[in-house]
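Structure file protein_34.cif (mmCIF, N, CA and C atoms) is printed below.
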```cif
data_input
loop_
_atom_site.label_atom_id
_atom_site.label_comp_id
_atom_site.auth_asym_id
_atom_site.auth_seq_id
_atom_site.Cartn_x
_atom_site.Cartn_y
_atom_site.Cartn_z
N MET A 158 125.05 167.91 137.48
CA MET A 158 124.47 166.96 136.55
C MET A 158 123.09 167.44 136.13
N LEU A 159 122.35 167.93 137.07
CA LEU A 159 120.99 168.40 136.78
C LEU A 159 121.02 169.55 135.78
N GLN A 160 121.91 170.49 135.98
CA GLN A 160 122.00 171.63 135.06
C GLN A 160 122.44 171.20 133.67
N ALA A 161 123.41 170.32 133.58
CA ALA A 161 123.89 169.87 132.27
C ALA A 161 122.81 169.08 131.54
N ALA A 162 122.12 168.21 132.25
CA ALA A 162 121.05 167.44 131.63
C ALA A 162 119.92 168.37 131.17
N GLY A 163 119.62 169.37 131.98
CA GLY A 163 118.59 170.35 131.59
C GLY A 163 118.99 171.12 130.35
N ALA A 164 120.27 171.45 130.25
CA ALA A 164 120.75 172.17 129.07
C ALA A 164 120.64 171.29 127.82
N VAL A 165 120.99 170.03 127.94
CA VAL A 165 120.87 169.11 126.80
C VAL A 165 119.42 169.05 126.34
N ARG A 166 118.52 168.91 127.28
CA ARG A 166 117.10 168.85 126.91
C ARG A 166 116.66 170.15 126.24
N GLU A 167 117.07 171.26 126.80
CA GLU A 167 116.70 172.56 126.24
C GLU A 167 117.27 172.73 124.83
N PHE A 168 118.52 172.34 124.63
CA PHE A 168 119.17 172.52 123.33
C PHE A 168 118.54 171.66 122.24
N THR A 169 118.02 170.49 122.61
CA THR A 169 117.53 169.54 121.61
C THR A 169 116.02 169.58 121.43
N GLU A 170 115.34 170.30 122.28
CA GLU A 170 113.88 170.35 122.20
C GLU A 170 113.43 170.95 120.87
N GLY A 171 112.59 170.22 120.15
CA GLY A 171 112.06 170.69 118.89
C GLY A 171 113.04 170.64 117.72
N VAL A 172 114.17 169.97 117.90
CA VAL A 172 115.19 169.88 116.87
C VAL A 172 115.19 168.46 116.30
N SER A 173 115.35 168.34 115.00
CA SER A 173 115.42 167.02 114.37
C SER A 173 116.86 166.53 114.33
N LEU A 174 117.01 165.24 114.12
CA LEU A 174 118.35 164.66 113.96
C LEU A 174 119.07 165.31 112.79
N ASP A 175 118.38 165.52 111.68
CA ASP A 175 119.02 166.15 110.51
C ASP A 175 119.54 167.54 110.85
N SER A 176 118.73 168.32 111.56
CA SER A 176 119.17 169.66 111.95
C SER A 176 120.35 169.58 112.90
N TYR A 177 120.30 168.63 113.82
CA TYR A 177 121.40 168.44 114.76
C TYR A 177 122.69 168.13 114.01
N GLN A 178 122.61 167.22 113.06
CA GLN A 178 123.81 166.77 112.34
C GLN A 178 124.44 167.88 111.49
N THR A 179 123.66 168.84 111.07
CA THR A 179 124.20 169.90 110.21
C THR A 179 124.55 171.18 110.97
N ASP A 180 124.33 171.18 112.28
CA ASP A 180 124.57 172.39 113.08
C ASP A 180 125.76 172.16 114.03
N LEU A 181 126.93 172.60 113.62
CA LEU A 181 128.14 172.40 114.41
C LEU A 181 128.02 173.01 115.80
N LYS A 182 127.43 174.19 115.90
CA LYS A 182 127.29 174.83 117.22
C LYS A 182 126.42 173.98 118.14
N LEU A 183 125.32 173.48 117.62
CA LEU A 183 124.43 172.66 118.44
C LEU A 183 125.11 171.37 118.86
N ARG A 184 125.77 170.70 117.91
CA ARG A 184 126.48 169.46 118.26
C ARG A 184 127.53 169.73 119.32
N SER A 185 128.27 170.80 119.15
CA SER A 185 129.32 171.15 120.12
C SER A 185 128.72 171.43 121.49
N ALA A 186 127.62 172.14 121.52
CA ALA A 186 126.97 172.48 122.80
C ALA A 186 126.46 171.23 123.50
N VAL A 187 125.80 170.36 122.76
CA VAL A 187 125.27 169.12 123.36
C VAL A 187 126.41 168.24 123.85
N GLU A 188 127.44 168.08 123.03
CA GLU A 188 128.58 167.26 123.43
C GLU A 188 129.23 167.82 124.69
N ARG A 189 129.38 169.12 124.75
CA ARG A 189 130.01 169.74 125.94
C ARG A 189 129.18 169.49 127.19
N GLN A 190 127.88 169.62 127.09
CA GLN A 190 127.03 169.38 128.26
C GLN A 190 127.07 167.91 128.68
N LEU A 191 127.16 167.01 127.70
CA LEU A 191 127.29 165.59 128.05
C LEU A 191 128.63 165.31 128.71
N GLN A 192 129.67 166.03 128.31
CA GLN A 192 130.96 165.91 128.98
C GLN A 192 130.85 166.38 130.43
N ILE A 193 130.21 167.52 130.63
CA ILE A 193 130.03 168.05 131.98
C ILE A 193 129.22 167.06 132.82
N LEU A 194 128.19 166.51 132.23
CA LEU A 194 127.36 165.52 132.92
C LEU A 194 128.21 164.33 133.37
N GLY A 195 129.07 163.85 132.49
CA GLY A 195 129.95 162.72 132.82
C GLY A 195 130.98 163.08 133.86
N ASP A 196 131.54 164.28 133.76
CA ASP A 196 132.51 164.73 134.78
C ASP A 196 131.85 164.77 136.15
N ALA A 197 130.66 165.30 136.20
CA ALA A 197 129.94 165.38 137.48
C ALA A 197 129.60 163.99 138.00
N ALA A 198 129.23 163.08 137.10
CA ALA A 198 128.89 161.72 137.52
C ALA A 198 130.10 161.00 138.12
N ARG A 199 131.28 161.30 137.59
CA ARG A 199 132.51 160.69 138.13
C ARG A 199 132.74 161.10 139.58
N ARG A 200 132.22 162.23 139.97
CA ARG A 200 132.46 162.77 141.31
C ARG A 200 131.38 162.40 142.32
N VAL A 201 130.35 161.69 141.87
CA VAL A 201 129.29 161.28 142.78
C VAL A 201 129.83 160.20 143.72
N SER A 202 129.49 160.30 144.97
CA SER A 202 130.00 159.35 145.96
C SER A 202 129.49 157.93 145.69
N GLU A 203 130.29 156.98 146.08
CA GLU A 203 129.91 155.57 145.91
C GLU A 203 128.61 155.24 146.66
N PRO A 204 128.41 155.73 147.88
CA PRO A 204 127.13 155.44 148.54
C PRO A 204 125.92 155.95 147.75
N LEU A 205 126.04 157.13 147.16
CA LEU A 205 124.91 157.64 146.37
C LEU A 205 124.72 156.82 145.11
N ARG A 206 125.80 156.42 144.48
CA ARG A 206 125.69 155.56 143.30
C ARG A 206 124.97 154.25 143.64
N LEU A 207 125.38 153.67 144.76
CA LEU A 207 124.76 152.40 145.18
C LEU A 207 123.30 152.59 145.55
N ALA A 208 122.95 153.75 146.06
CA ALA A 208 121.58 154.04 146.47
C ALA A 208 120.67 154.35 145.28
N THR A 209 121.27 154.61 144.11
CA THR A 209 120.49 154.96 142.92
C THR A 209 120.92 154.10 141.74
N PRO A 210 120.67 152.79 141.82
CA PRO A 210 121.12 151.90 140.75
C PRO A 210 120.38 152.11 139.43
N SER A 211 119.27 152.81 139.44
CA SER A 211 118.55 153.06 138.19
C SER A 211 119.25 154.07 137.31
N ILE A 212 120.20 154.82 137.88
CA ILE A 212 120.98 155.78 137.09
C ILE A 212 122.19 155.04 136.54
N PRO A 213 122.39 155.08 135.23
CA PRO A 213 123.50 154.34 134.60
C PRO A 213 124.83 155.09 134.74
N TRP A 214 125.37 155.09 135.94
CA TRP A 214 126.57 155.87 136.24
C TRP A 214 127.73 155.55 135.30
N ARG A 215 128.00 154.28 135.10
CA ARG A 215 129.13 153.88 134.24
C ARG A 215 128.91 154.32 132.80
N GLY A 216 127.69 154.21 132.33
CA GLY A 216 127.38 154.63 130.97
C GLY A 216 127.54 156.13 130.77
N ILE A 217 127.14 156.90 131.78
CA ILE A 217 127.27 158.35 131.71
C ILE A 217 128.74 158.74 131.65
N VAL A 218 129.54 158.14 132.50
CA VAL A 218 130.97 158.41 132.52
C VAL A 218 131.62 157.89 131.23
N GLY A 219 131.18 156.74 130.78
CA GLY A 219 131.72 156.17 129.54
C GLY A 219 131.46 157.06 128.33
N GLN A 220 130.26 157.64 128.28
CA GLN A 220 129.94 158.56 127.18
C GLN A 220 130.85 159.77 127.24
N ARG A 221 131.11 160.27 128.41
CA ARG A 221 132.02 161.41 128.59
C ARG A 221 133.41 161.06 128.07
N ASN A 222 133.88 159.87 128.41
CA ASN A 222 135.22 159.45 127.99
C ASN A 222 135.33 159.36 126.47
N ILE A 223 134.30 158.88 125.83
CA ILE A 223 134.29 158.81 124.37
C ILE A 223 134.36 160.22 123.78
N LEU A 224 133.54 161.12 124.30
CA LEU A 224 133.52 162.49 123.78
C LEU A 224 134.85 163.20 123.98
N VAL A 225 135.51 162.93 125.10
CA VAL A 225 136.75 163.63 125.41
C VAL A 225 137.96 162.98 124.73
N HIS A 226 138.01 161.67 124.72
CA HIS A 226 139.22 160.99 124.27
C HIS A 226 139.14 160.37 122.88
N ASP A 227 137.93 160.06 122.44
CA ASP A 227 137.77 159.39 121.14
C ASP A 227 136.94 160.24 120.19
N TYR A 228 137.16 161.55 120.21
CA TYR A 228 136.33 162.47 119.45
C TYR A 228 136.33 162.19 117.96
N GLY A 229 137.34 161.51 117.47
CA GLY A 229 137.35 161.12 116.06
C GLY A 229 136.35 160.02 115.76
N GLU A 230 135.87 159.37 116.78
CA GLU A 230 134.94 158.25 116.63
C GLU A 230 133.52 158.60 117.04
N ILE A 231 133.22 159.87 117.24
CA ILE A 231 131.89 160.27 117.71
C ILE A 231 130.86 160.00 116.62
N ASP A 232 129.81 159.31 116.99
CA ASP A 232 128.70 159.00 116.11
C ASP A 232 127.58 159.97 116.46
N ASP A 233 127.32 160.92 115.58
CA ASP A 233 126.32 161.95 115.87
C ASP A 233 124.95 161.36 116.17
N ALA A 234 124.57 160.33 115.45
CA ALA A 234 123.26 159.71 115.68
C ALA A 234 123.19 159.08 117.07
N ARG A 235 124.28 158.50 117.51
CA ARG A 235 124.30 157.91 118.86
C ARG A 235 124.23 159.00 119.94
N VAL A 236 125.00 160.07 119.75
CA VAL A 236 124.95 161.18 120.71
C VAL A 236 123.54 161.76 120.74
N TRP A 237 122.93 161.90 119.57
CA TRP A 237 121.56 162.41 119.49
C TRP A 237 120.61 161.49 120.27
N GLY A 238 120.77 160.19 120.09
CA GLY A 238 119.92 159.25 120.82
C GLY A 238 120.07 159.39 122.32
N VAL A 239 121.29 159.55 122.79
CA VAL A 239 121.53 159.78 124.21
C VAL A 239 120.82 161.05 124.65
N ALA A 240 120.96 162.11 123.85
CA ALA A 240 120.41 163.41 124.21
C ALA A 240 118.89 163.40 124.29
N VAL A 241 118.24 162.75 123.34
CA VAL A 241 116.77 162.84 123.29
C VAL A 241 116.06 161.65 123.92
N GLN A 242 116.75 160.51 124.08
CA GLN A 242 116.11 159.34 124.66
C GLN A 242 116.54 159.09 126.10
N ASP A 243 117.82 159.26 126.39
CA ASP A 243 118.34 158.91 127.70
C ASP A 243 118.35 160.07 128.69
N VAL A 244 118.61 161.27 128.19
CA VAL A 244 118.73 162.41 129.11
C VAL A 244 117.39 162.79 129.76
N PRO A 245 116.25 162.83 129.04
CA PRO A 245 115.01 163.23 129.72
C PRO A 245 114.64 162.38 130.94
N PRO A 246 114.70 161.03 130.85
CA PRO A 246 114.40 160.27 132.07
C PRO A 246 115.47 160.46 133.15
N LEU A 247 116.72 160.64 132.74
CA LEU A 247 117.78 160.91 133.71
C LEU A 247 117.50 162.23 134.42
N LEU A 248 117.09 163.22 133.68
CA LEU A 248 116.77 164.52 134.25
C LEU A 248 115.67 164.39 135.30
N ALA A 249 114.67 163.59 135.03
CA ALA A 249 113.59 163.37 135.99
C ALA A 249 114.12 162.71 137.26
N GLU A 250 115.00 161.73 137.11
CA GLU A 250 115.57 161.06 138.29
C GLU A 250 116.44 162.00 139.10
N LEU A 251 117.26 162.78 138.40
CA LEU A 251 118.13 163.72 139.10
C LEU A 251 117.33 164.78 139.84
N ALA A 252 116.25 165.22 139.24
CA ALA A 252 115.41 166.24 139.87
C ALA A 252 114.84 165.75 141.20
N GLN A 253 114.61 164.45 141.30
CA GLN A 253 114.11 163.88 142.56
C GLN A 253 115.19 163.84 143.63
N LEU A 254 116.45 163.79 143.21
CA LEU A 254 117.56 163.72 144.17
C LEU A 254 118.00 165.08 144.70
N VAL A 255 117.76 166.11 143.91
CA VAL A 255 118.25 167.45 144.25
C VAL A 255 117.09 168.30 144.70
N PRO A 256 117.18 168.84 145.92
CA PRO A 256 116.09 169.71 146.37
C PRO A 256 116.02 170.96 145.50
N GLU A 257 114.81 171.44 145.28
CA GLU A 257 114.63 172.63 144.46
C GLU A 257 115.28 173.82 145.13
N GLN A 258 116.02 174.58 144.34
CA GLN A 258 116.73 175.75 144.84
C GLN A 258 115.99 177.01 144.41
N PRO A 259 115.87 177.98 145.30
CA PRO A 259 115.27 179.24 144.88
C PRO A 259 116.18 179.93 143.88
N ASP A 260 115.59 180.71 142.98
CA ASP A 260 116.38 181.46 142.00
C ASP A 260 117.26 182.44 142.75
N GLN A 261 118.55 182.39 142.46
CA GLN A 261 119.50 183.23 143.18
C GLN A 261 119.97 184.39 142.34
N GLY A 262 119.09 184.85 141.44
CA GLY A 262 119.43 186.02 140.64
C GLY A 262 120.44 185.76 139.56
N GLY A 263 120.62 184.51 139.17
CA GLY A 263 121.59 184.16 138.13
C GLY A 263 121.05 184.56 136.77
N SER A 264 121.14 183.66 135.85
CA SER A 264 120.73 183.94 134.48
C SER A 264 119.22 183.96 134.33
N GLY A 265 118.50 183.57 135.38
CA GLY A 265 117.05 183.53 135.28
C GLY A 265 116.56 182.21 134.70
N SER A 266 117.48 181.39 134.24
CA SER A 266 117.14 180.11 133.65
C SER A 266 116.80 179.12 134.75
N THR A 267 115.77 178.36 134.54
CA THR A 267 115.42 177.31 135.49
C THR A 267 115.44 175.98 134.78
N VAL A 268 115.78 174.96 135.49
CA VAL A 268 115.79 173.60 134.96
C VAL A 268 114.52 172.94 135.45
N ARG A 269 113.76 172.42 134.50
CA ARG A 269 112.50 171.77 134.86
C ARG A 269 112.53 170.32 134.51
#
```

Take the structure in this file and express it as structure tokens.
Amino acid sequence: MLQAAGAVREFTEGVSLDSYQTDLKLRSAVERQLQILGDAARRVSEPLRLATPSIPWRGIVGQRNILVHDYGEIDDARVWGVAVQDVPPLLAELAQLVPEQPDQGGSGSTVR
């Protein structure tokens, strides 16, 4: 979840809604990361969900379900709002739950 949320933030940083709406690659990338975020949220244990009520678990999974199953009904402005308004605070909360990992020689990318 942390990596997907970080990717969404990275992809949308400095981008306007108009640019987002006209860039199929960007929309596809953001939607895919939100799907991954929702898939990961579905797998979080019930005790952890109960221990972190400030995280909107059902909403995260619900957004994933819309992207996967109702793709004909996707509202780009709504997805954009999730990406730029909801994901940054979620990223901060998730970062508090996950201990920092040393770089393991992967892509060199770090999630902040």

**Q.** Target residues per the PyMOL selection byres ((chain A and resi 205-217) around 8), formatted as a PyMOL selection string
**A.** chain A and resi 191-192+194-196+198-199+201-204+218-222+247+250

Q.
If we count all atoms listed in the file and set the cut-off at 6.5 Å, which residues sit around Arg166 (chain A), ignoring sequence neighbours fewer than 4 positions away in its own chain? Please answer as a PyMOL selection string.
A. chain A and resi 161-162+170+240+245

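Selection by the PyMOL selection byres (((chain A and resi 173 and name CA) around 12) and name CA) on the present file picks out Phe168, Thr169, Glu170, Gly171, Val172, Leu174, Asp175, Ser176, Tyr177, Gln178, Thr179, Asp180, Leu183, Arg184, Ala234, Trp237, Gly238, Ala240 and Val241 of chain A.
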
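Taking CA of Val244 (chain A) and atom N of Glu167 (chain A) as the two end points, the separation is 9.3 Å.
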
**Q.** helix (DSSP H, G or I) per DSSP on the backbone: members of chain A, as an MDAnalysis selection string
**A.** chainID A and resid 159:169 174:179 181:199 203:208 214:226 228:230 233:254

Q.
For this structure, which residues satisfy the selection - the PyMOL selection byres (((chain A and resi 160 and name CA) around 9) and name CA) - when it is evaluated on the file as given? I want them as a VMD selection string.
A. chain A and resid 158 to 159 161 to 165 190 194 248 267 to 268

**Q.** Length of the CA of Leu224 (chain A) to CA of Val187 (chain A) vector [Å]
**A.** 10.6 Å

Q: Work out how far CA of Gln242 (chain A) is from CA of His226 (chain A), in Å to one decimal.
A: 23.2 Å

Which centre and which edge lengths, in Å to one decimal, describe the axis-aligned box that holds all listed atoms of region 200-208 of chain A after 6 Å is added on each side, as lines of an AutoDock Vina configuration file?
```
center_x = 126.6
center_y = 157.6
center_z = 144.3
size_x = 23.8
size_y = 22.4
size_z = 20.6
```
